[in-house]
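A quick write-up on the structure given underneath.
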Amino acid sequence: MKSMRRREFLKSTLAASAVGVAPFNILKAGPSPNSKLNIACIGVGMQGSSNAEYLAGTDNVIALCDVDSDWCGKQIRNRTSLHGIKLWTDYRVMFDKIGKDIDAVLIATPEHNHYTICLYAMRHGKHVYCQKPLCHTVNEVRLLTEEAKKHPKVVTQMGNQGHSGSSSALLRDWGQAGSVGPVKEVVCYSTKNYWIDKPVVEGSKVPETLDWDLYLNRAEMIPFSTSYMNREWIRYTHFSGAVGDMAAHIFDPAYYALDLRVPLSVRAEVKTPAFPGSLPRSGVITYEFGPRGDMPPVTMKYYLGDDIEFPRPKHLEPERRGIDSGSVMVGEHASIMAGSHSQGARIIPETAMKETPRPPQVAFRCKGRTHFDNWTLACKGEDVAMSSFDYAGPLSEIIVLGDIALVHPGRTLLWDAKNMKITNDEEADKSLFMRRLAPRDHLNWC
């Protein structure tokens, strides 16, 4: 069995302890283990309202916060467990007024808001669950990851929910045991992509129920448009990197099982160039990773979009259906295949699945039934957050580099992770996805 890395050792120590409590996860003041958390939910739109409803069933949701009261109202109309909870517009005002009562926050805003709100919450000592992708730009991811290290008692979690499942743990066991031989190739697939080929609607009037300034947060001021409303923001580079919608799930099996952390380069080939302000409808992103310990270099390709041909996974039997969302780790004599959220882990072909010895359990198995349960239990000192920012941060950098490659297609971009720089392409290094060009940080968002 391969020796456990420090993270696995710490997790195993917690799981085996008599009381199951890790001192670095206990709140300075707040609930004791086994009690309920007081949670504020920031960004209560489509997914945010569903997330808040789930948390209201396990803990106490004491505040909702959204910049658009009308949109929020429509989303919680049929979620009776959220009725009667005060709705705030500005998260900073909410913290000023009731911060002492808040133990943890859920953040499900558009991703261009994630960095500042996470930072604000952590600096106030609140546990943080942030939906994926973690941040909009590489430097936001890096800064947020470093900030999390300064608050060891704050439990963080990114919302790539498949990572807490038993299938994810099995994937790591297989990868660490070398169950399919050395893996030099990873192929990822997603037909789900967000793009636009129409100009932004101009001359729109800001609704009375929306605070457009708060919506933008630190992003550069641009005119309001109805084009951005009702989750359509995800189609525009000013707010979102479309790679991140599914890549946080789809990249995770190889990232976890093979310890992929820092790519050496990234390149994208696209069928049709992106419409200004959006990302392409489809493309193939290629990442190159160097060797890690005794593991060989890896080439990872991400086939993204609904109008390109996906290659059939190697080692998949002719009679079996191919894959349109998920990933395949190609080994020397067999492959490991997983669904979009790490589910359904299998070795292919099926004969290899049956013949491969069950690997040693080196991956931590969390107590929580769901990713949310894993986080709330970790906040109470009863579990370890599976996708804390020290884990999710490097994964998110890989994702955002893919966004940069898609808007600068046909170029091999060399990545210097230590200095956070694309070394051979000045234009790409100045991309919006590398860092916000003129953030409105003077407005004290965090």
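Letters A, B, ... go to the chains of the structure tokens in the order shown; residues in each chain start at 1; ligands are counted from 1 in the same order.
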Using backbone DSSP assignments, extract all helix (DSSP H, G or I) residues from segment 194-334 of chain A; output them as an mmCIF file with N, CA and C atoms, in the first residue's frame.
```
data_model
loop_
_atom_site.group_PDB
_atom_site.id
_atom_site.type_symbol
_atom_site.label_atom_id
_atom_site.label_comp_id
_atom_site.auth_asym_id
_atom_site.auth_seq_id
_atom_site.Cartn_x
_atom_site.Cartn_y
_atom_site.Cartn_z
ATOM 1 N N TRP A 212 -28.506 46.827 -8.910
ATOM 2 C CA TRP A 212 -27.538 46.468 -9.957
ATOM 3 C C TRP A 212 -26.100 46.659 -9.477
ATOM 4 N N ASP A 213 -25.870 47.670 -8.658
ATOM 5 C CA ASP A 213 -24.520 47.907 -8.144
ATOM 6 C C ASP A 213 -24.059 46.744 -7.277
ATOM 7 N N LEU A 214 -24.949 46.256 -6.410
ATOM 8 C CA LEU A 214 -24.619 45.100 -5.574
ATOM 9 C C LEU A 214 -24.463 43.837 -6.418
ATOM 10 N N TYR A 215 -25.256 43.731 -7.466
ATOM 11 C CA TYR A 215 -25.165 42.577 -8.355
ATOM 12 C C TYR A 215 -23.770 42.503 -8.972
ATOM 13 N N LEU A 216 -23.244 43.635 -9.418
ATOM 14 C CA LEU A 216 -21.923 43.663 -10.045
ATOM 15 C C LEU A 216 -20.816 43.385 -9.042
ATOM 16 N N THR A 226 -31.319 43.109 -19.643
ATOM 17 C CA THR A 226 -32.166 41.949 -19.352
ATOM 18 C C THR A 226 -31.506 40.655 -19.836
ATOM 19 N N SER A 227 -30.514 40.776 -20.703
ATOM 20 C CA SER A 227 -29.801 39.591 -21.198
ATOM 21 C C SER A 227 -29.142 38.816 -20.071
ATOM 22 N N TYR A 228 -28.825 39.499 -18.971
ATOM 23 C CA TYR A 228 -28.071 38.868 -17.882
ATOM 24 C C TYR A 228 -28.962 38.235 -16.807
ATOM 25 N N GLU A 232 -29.123 33.819 -16.934
ATOM 26 C CA GLU A 232 -28.470 33.988 -18.236
ATOM 27 C C GLU A 232 -27.075 34.599 -18.100
ATOM 28 N N TRP A 233 -26.758 35.137 -16.926
ATOM 29 C CA TRP A 233 -25.416 35.659 -16.686
ATOM 30 C C TRP A 233 -24.341 34.618 -16.982
ATOM 31 N N ILE A 234 -24.688 33.339 -16.857
ATOM 32 C CA ILE A 234 -23.700 32.276 -17.000
ATOM 33 C C ILE A 234 -23.140 32.205 -18.412
ATOM 34 N N ARG A 235 -23.798 32.860 -19.363
ATOM 35 C CA ARG A 235 -23.353 32.835 -20.756
ATOM 36 C C ARG A 235 -22.329 33.919 -21.080
ATOM 37 N N GLY A 244 -16.420 26.190 -16.057
ATOM 38 C CA GLY A 244 -16.590 25.878 -14.641
ATOM 39 C C GLY A 244 -17.927 25.304 -14.262
ATOM 40 N N ASP A 245 -18.928 25.351 -15.132
ATOM 41 C CA ASP A 245 -20.221 24.848 -14.725
ATOM 42 C C ASP A 245 -20.190 23.349 -14.476
ATOM 43 N N MET A 246 -19.485 22.595 -15.313
ATOM 44 C CA MET A 246 -19.424 21.146 -15.123
ATOM 45 C C MET A 246 -18.020 20.628 -14.810
ATOM 46 N N ALA A 247 -16.996 21.390 -15.141
ATOM 47 C CA ALA A 247 -15.624 20.871 -14.976
ATOM 48 C C ALA A 247 -15.276 20.579 -13.526
ATOM 49 N N ALA A 248 -15.849 21.323 -12.586
ATOM 50 C CA ALA A 248 -15.560 21.053 -11.176
ATOM 51 C C ALA A 248 -15.988 19.642 -10.796
ATOM 52 N N HIS A 249 -17.018 19.133 -11.462
ATOM 53 C CA HIS A 249 -17.464 17.758 -11.245
ATOM 54 C C HIS A 249 -16.652 16.774 -12.099
ATOM 55 N N ILE A 250 -16.524 17.094 -13.371
ATOM 56 C CA ILE A 250 -15.996 16.138 -14.343
ATOM 57 C C ILE A 250 -14.487 15.953 -14.227
ATOM 58 N N ASP A 252 -12.885 16.206 -11.403
ATOM 59 C CA ASP A 252 -12.556 15.795 -10.040
ATOM 60 C C ASP A 252 -12.043 14.362 -9.912
ATOM 61 N N PRO A 253 -12.600 13.376 -10.626
ATOM 62 C CA PRO A 253 -12.086 12.012 -10.461
ATOM 63 C C PRO A 253 -10.592 11.885 -10.741
ATOM 64 N N ALA A 254 -10.121 12.433 -11.850
ATOM 65 C CA ALA A 254 -8.692 12.343 -12.169
ATOM 66 C C ALA A 254 -7.866 13.227 -11.245
ATOM 67 N N TYR A 255 -8.392 14.396 -10.921
ATOM 68 C CA TYR A 255 -7.696 15.311 -10.017
ATOM 69 C C TYR A 255 -7.464 14.648 -8.662
ATOM 70 N N TYR A 256 -8.453 13.904 -8.191
ATOM 71 C CA TYR A 256 -8.395 13.249 -6.883
ATOM 72 C C TYR A 256 -7.607 11.946 -6.954
ATOM 73 N N ALA A 257 -7.922 11.117 -7.941
ATOM 74 C CA ALA A 257 -7.319 9.784 -8.011
ATOM 75 C C ALA A 257 -5.842 9.826 -8.393
#
```
- Message: I'd like the contact shell of Tyr129 of chain A - 7 Å cut-off, only C-alpha atoms, skipping same-chain residues fewer than 6 positions apart - returned as a PyMOL selection string.
- Response: chain A and resi 105-107+156-159
Just-selected residues, C-alpha atoms written as a PDB file, in the first residue's frame:
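Below is the file that was written, selection36.pdb:
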```
ATOM      1  CA  VAL A 105     -22.950  30.855   5.228  1.00  0.00           C
ATOM      2  CA  LEU A 106     -24.007  29.259   1.986  1.00  0.00           C
ATOM      3  CA  ILE A 107     -22.956  31.236  -1.105  1.00  0.00           C
ATOM      4  CA  THR A 156     -14.749  25.694   3.884  1.00  0.00           C
ATOM      5  CA  GLN A 157     -16.363  23.613   1.167  1.00  0.00           C
ATOM      6  CA  MET A 158     -16.833  24.020  -2.595  1.00  0.00           C
ATOM      7  CA  GLY A 159     -20.023  22.577  -4.034  1.00  0.00           C
TER       8      GLY A 159
END
```
- Message: Show me, as number ranges by chain, the residues that have an atom within 9 Å of Arg440 of chain A when counting only C-alpha atoms, minus same-chain residues fewer than 4 positions from it.
- Response: A: 217-221, 444-445
- Message: Write out as a VMD selection string the set of residues from segment 202-394 of chain A that DSSP, computed on the backbone, places in strand (DSSP E or B).
- Response: chain A and resid 210 263 to 270 283 to 289 292 295 298 to 304 325 to 330 335 to 339 346 to 348
- Write out as a list in words each polymer residue whose atoms come within 8 Å of segment 388-394 of chain A, counting only C-alpha atoms; drop sequence neighbours fewer than 3 positions from it. Leu134, Val141, Arg142, Leu144, Thr145, Ala148, Lys149, Val155, Thr156, Gln157, Met158, Arg261, Val262, Ala385, Glu397 and Ile398 of chain A
Please produce an output containing C-alpha atoms for each residue in the selection, written as a short mmCIF file (atom, residue, chain, number, x, y, z; two decimals), in the first residue's frame.
```cif
data_model
loop_
_atom_site.label_atom_id
_atom_site.label_comp_id
_atom_site.auth_asym_id
_atom_site.auth_seq_id
_atom_site.Cartn_x
_atom_site.Cartn_y
_atom_site.Cartn_z
CA LEU A 134 -14.94 28.68 -6.73
CA VAL A 141 -8.85 31.58 -6.61
CA ARG A 142 -5.26 31.94 -5.45
CA LEU A 144 -9.05 32.99 -1.58
CA THR A 145 -7.09 29.77 -1.09
CA ALA A 148 -8.52 30.23 3.95
CA LYS A 149 -5.16 29.12 5.36
CA VAL A 155 -14.52 25.13 7.63
CA THR A 156 -14.75 25.69 3.88
CA GLN A 157 -16.36 23.61 1.17
CA MET A 158 -16.83 24.02 -2.59
CA ARG A 261 -2.67 19.67 -9.30
CA VAL A 262 -0.57 21.91 -11.53
CA ALA A 385 -14.83 18.79 4.75
CA GLU A 397 -7.22 27.11 -11.17
CA ILE A 398 -7.16 24.27 -13.69
#
```
- Between A:Asp101, A:Glu382, A:Pro313, A:Arg77, which has the minimum distance to Val61 of chain A (counting only C-alpha atoms)?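 So, comparing all the options, the nearest one is A:Asp101.
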